[in-house]
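**Q** Compact mmCIF, C-alpha atoms, file input12.txt:
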# COMPACT_ATOMS: atom_id res chain seq x y z
CA LEU A 1 126.19 67.01 90.95
CA ASP A 2 124.63 65.40 94.01
CA THR A 3 124.69 62.00 92.30
CA LEU A 4 128.35 62.42 91.39
CA VAL A 5 129.36 63.50 94.90
CA ASN A 6 127.34 60.70 96.51
CA ALA A 7 128.91 58.13 94.23
CA TYR A 8 132.38 59.53 94.97
CA GLU A 9 131.72 59.31 98.69
CA VAL A 10 131.11 55.59 98.39
CA PHE A 11 134.88 55.27 97.93
CA CYS A 12 136.31 58.32 99.65
CA ASP A 13 135.31 61.35 101.72
CA PHE A 14 134.61 64.45 99.65
CA ASP A 15 135.60 67.94 100.77
CA HIS A 16 132.50 69.96 99.87
CA THR A 17 134.45 73.23 100.06
CA GLN A 18 136.07 72.19 96.77
CA LEU A 19 132.76 72.67 94.96
CA LYS A 20 133.56 76.39 94.77
CA LEU A 21 136.41 75.48 92.39
CA ILE A 22 134.12 74.13 89.67
CA GLU A 23 133.49 77.43 87.88
CA PRO A 24 137.07 78.80 88.06
CA LEU A 25 138.40 75.47 86.76
CA ARG A 26 135.78 75.48 84.00
CA ALA A 27 136.89 78.97 82.95
CA MET A 28 140.52 77.87 83.02
CA ARG A 29 139.69 74.87 80.79
CA ILE A 30 137.92 77.10 78.25
CA ILE A 31 140.81 79.56 78.12
CA HIS A 32 143.42 76.79 77.97
CA TYR A 33 141.60 75.13 75.06
CA MET A 34 141.35 78.42 73.13
CA GLY A 35 145.09 78.99 73.67
CA TRP A 36 145.89 75.45 72.54
CA VAL A 37 143.91 75.95 69.33
CA ALA A 38 145.37 79.43 68.71
CA LYS A 39 148.93 78.07 68.90
CA ARG A 40 148.14 75.91 65.90
CA GLY A 41 147.19 78.84 63.68
CA SER A 42 150.24 78.40 61.47
CA ASP A 43 149.48 74.74 60.81
CA PRO A 44 148.13 74.29 57.25
CA ALA A 45 145.48 71.90 58.54
CA PHE A 46 144.30 74.45 61.11
CA VAL A 47 141.98 76.48 58.87
CA ARG A 48 140.47 73.35 57.42
CA ASN A 49 139.74 71.76 60.80
CA PHE A 50 139.14 74.82 62.97
CA SER A 51 137.53 77.29 60.58
CA TRP A 52 135.00 78.23 63.27
CA PHE A 53 137.83 79.59 65.46
CA ALA A 54 137.97 82.88 63.53
CA GLU A 55 134.21 83.40 63.46
CA ASP A 56 132.65 86.10 65.61
CA ASN A 57 129.92 83.71 66.74
CA TYR A 58 132.48 81.35 68.31
CA TRP A 59 134.06 84.14 70.34
CA GLU A 60 130.68 85.52 71.39
CA GLN A 61 129.74 82.07 72.71
CA GLN A 62 133.03 81.78 74.61
CA ILE A 63 132.59 85.21 76.20
CA LEU A 64 129.06 84.33 77.26
CA ALA A 65 130.25 81.02 78.72
CA LEU A 66 132.92 82.83 80.74
CA LYS A 67 130.44 85.44 81.96
CA GLU A 68 128.09 82.69 83.17
Could you show the structure in this file as structure tokens?
**A**
Amino acid sequence: LDTLVNAYEVFCDFDHTQLKLIEPLRAMRIIHYMGWVAKRGSDPAFVRNFSWFAEDNYWEQQILALKE
């Protein structure tokens, strides 16, 4: 993270208070992706390409990621 911020600051000032947004935005990305995939549940290609979506292990991993 320090390397990324330092490299960014070569071009522009960085507001370090925005670092607190990393985890909420990460959680939003995870939830948005799961919603995007779920909307495709009626697509015939869905089960073939996203078979892991209905598995308990997938959801357990997502819950753990959100808790972290």
**Q** Expressed in Å to a single decimal, how great is the separation between CA of Phe50 (chain A) and CA of Glu23 (chain A)?
**A**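 Going from CA of Phe50 (chain A) over to CA of Glu23 (chain A) covers 25.7 Å.
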**Q** When you look at region 52-59 of chain A with a cut-off of 12 Å (counting all atoms listed in the file), what residues show up, excluding the ones that are within fewer than 5 positions of it in the same chain? I need them as a PDB file with C-alpha atoms, keeping the file's coordinate frame.
**A**
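Writing the result to result.pdb gives the following:
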ATOM      1  CA  ILE A  30     137.920  77.100  78.250  1.00  0.00           C
ATOM      2  CA  ILE A  31     140.810  79.560  78.120  1.00  0.00           C
ATOM      3  CA  TYR A  33     141.600  75.130  75.060  1.00  0.00           C
ATOM      4  CA  MET A  34     141.350  78.420  73.130  1.00  0.00           C
ATOM      5  CA  GLY A  35     145.090  78.990  73.670  1.00  0.00           C
ATOM      6  CA  TRP A  36     145.890  75.450  72.540  1.00  0.00           C
ATOM      7  CA  VAL A  37     143.910  75.950  69.330  1.00  0.00           C
ATOM      8  CA  ALA A  38     145.370  79.430  68.710  1.00  0.00           C
ATOM      9  CA  LYS A  39     148.930  78.070  68.900  1.00  0.00           C
ATOM     10  CA  ARG A  40     148.140  75.910  65.900  1.00  0.00           C
ATOM     11  CA  GLY A  41     147.190  78.840  63.680  1.00  0.00           C
ATOM     12  CA  PHE A  46     144.300  74.450  61.110  1.00  0.00           C
ATOM     13  CA  VAL A  47     141.980  76.480  58.870  1.00  0.00           C
ATOM     14  CA  LEU A  64     129.060  84.330  77.260  1.00  0.00           C
ATOM     15  CA  ALA A  65     130.250  81.020  78.720  1.00  0.00           C
ATOM     16  CA  LEU A  66     132.920  82.830  80.740  1.00  0.00           C
TER      17      LEU A  66
END
**Q** Considering only C-alpha atoms, state which residue in the set A:Ser51, A:Phe14, A:Leu4, A:Gln62 is at the smallest distance from Arg29 (chain A).
**A**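 Answer, going by the shortest atom-to-atom distance: A:Gln62.
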**Q** Which distance in Å separates CA of Glu60 (chain A) and CA of Arg26 (chain A), to one decimal?
**A**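 Taking CA of Glu60 (chain A) and CA of Arg26 (chain A), their separation equals 16.9 Å.
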**Q** Separation of CA of Ile63 (chain A) and CA of Asp43 (chain A), in Å?
**A**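 Straight-line distance from CA of Ile63 (chain A) to CA of Asp43 (chain A) works out to 25.1 Å.
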**Q** Give me, as an NGL selection string, all polymer residues having an atom no more than 12 Å from His16 (chain A), counting all atoms listed in the file and skipping those fewer than 5 positions away in the same chain.
**A** :A and (1-2 or 5-6 or 8-9 or 21-22)
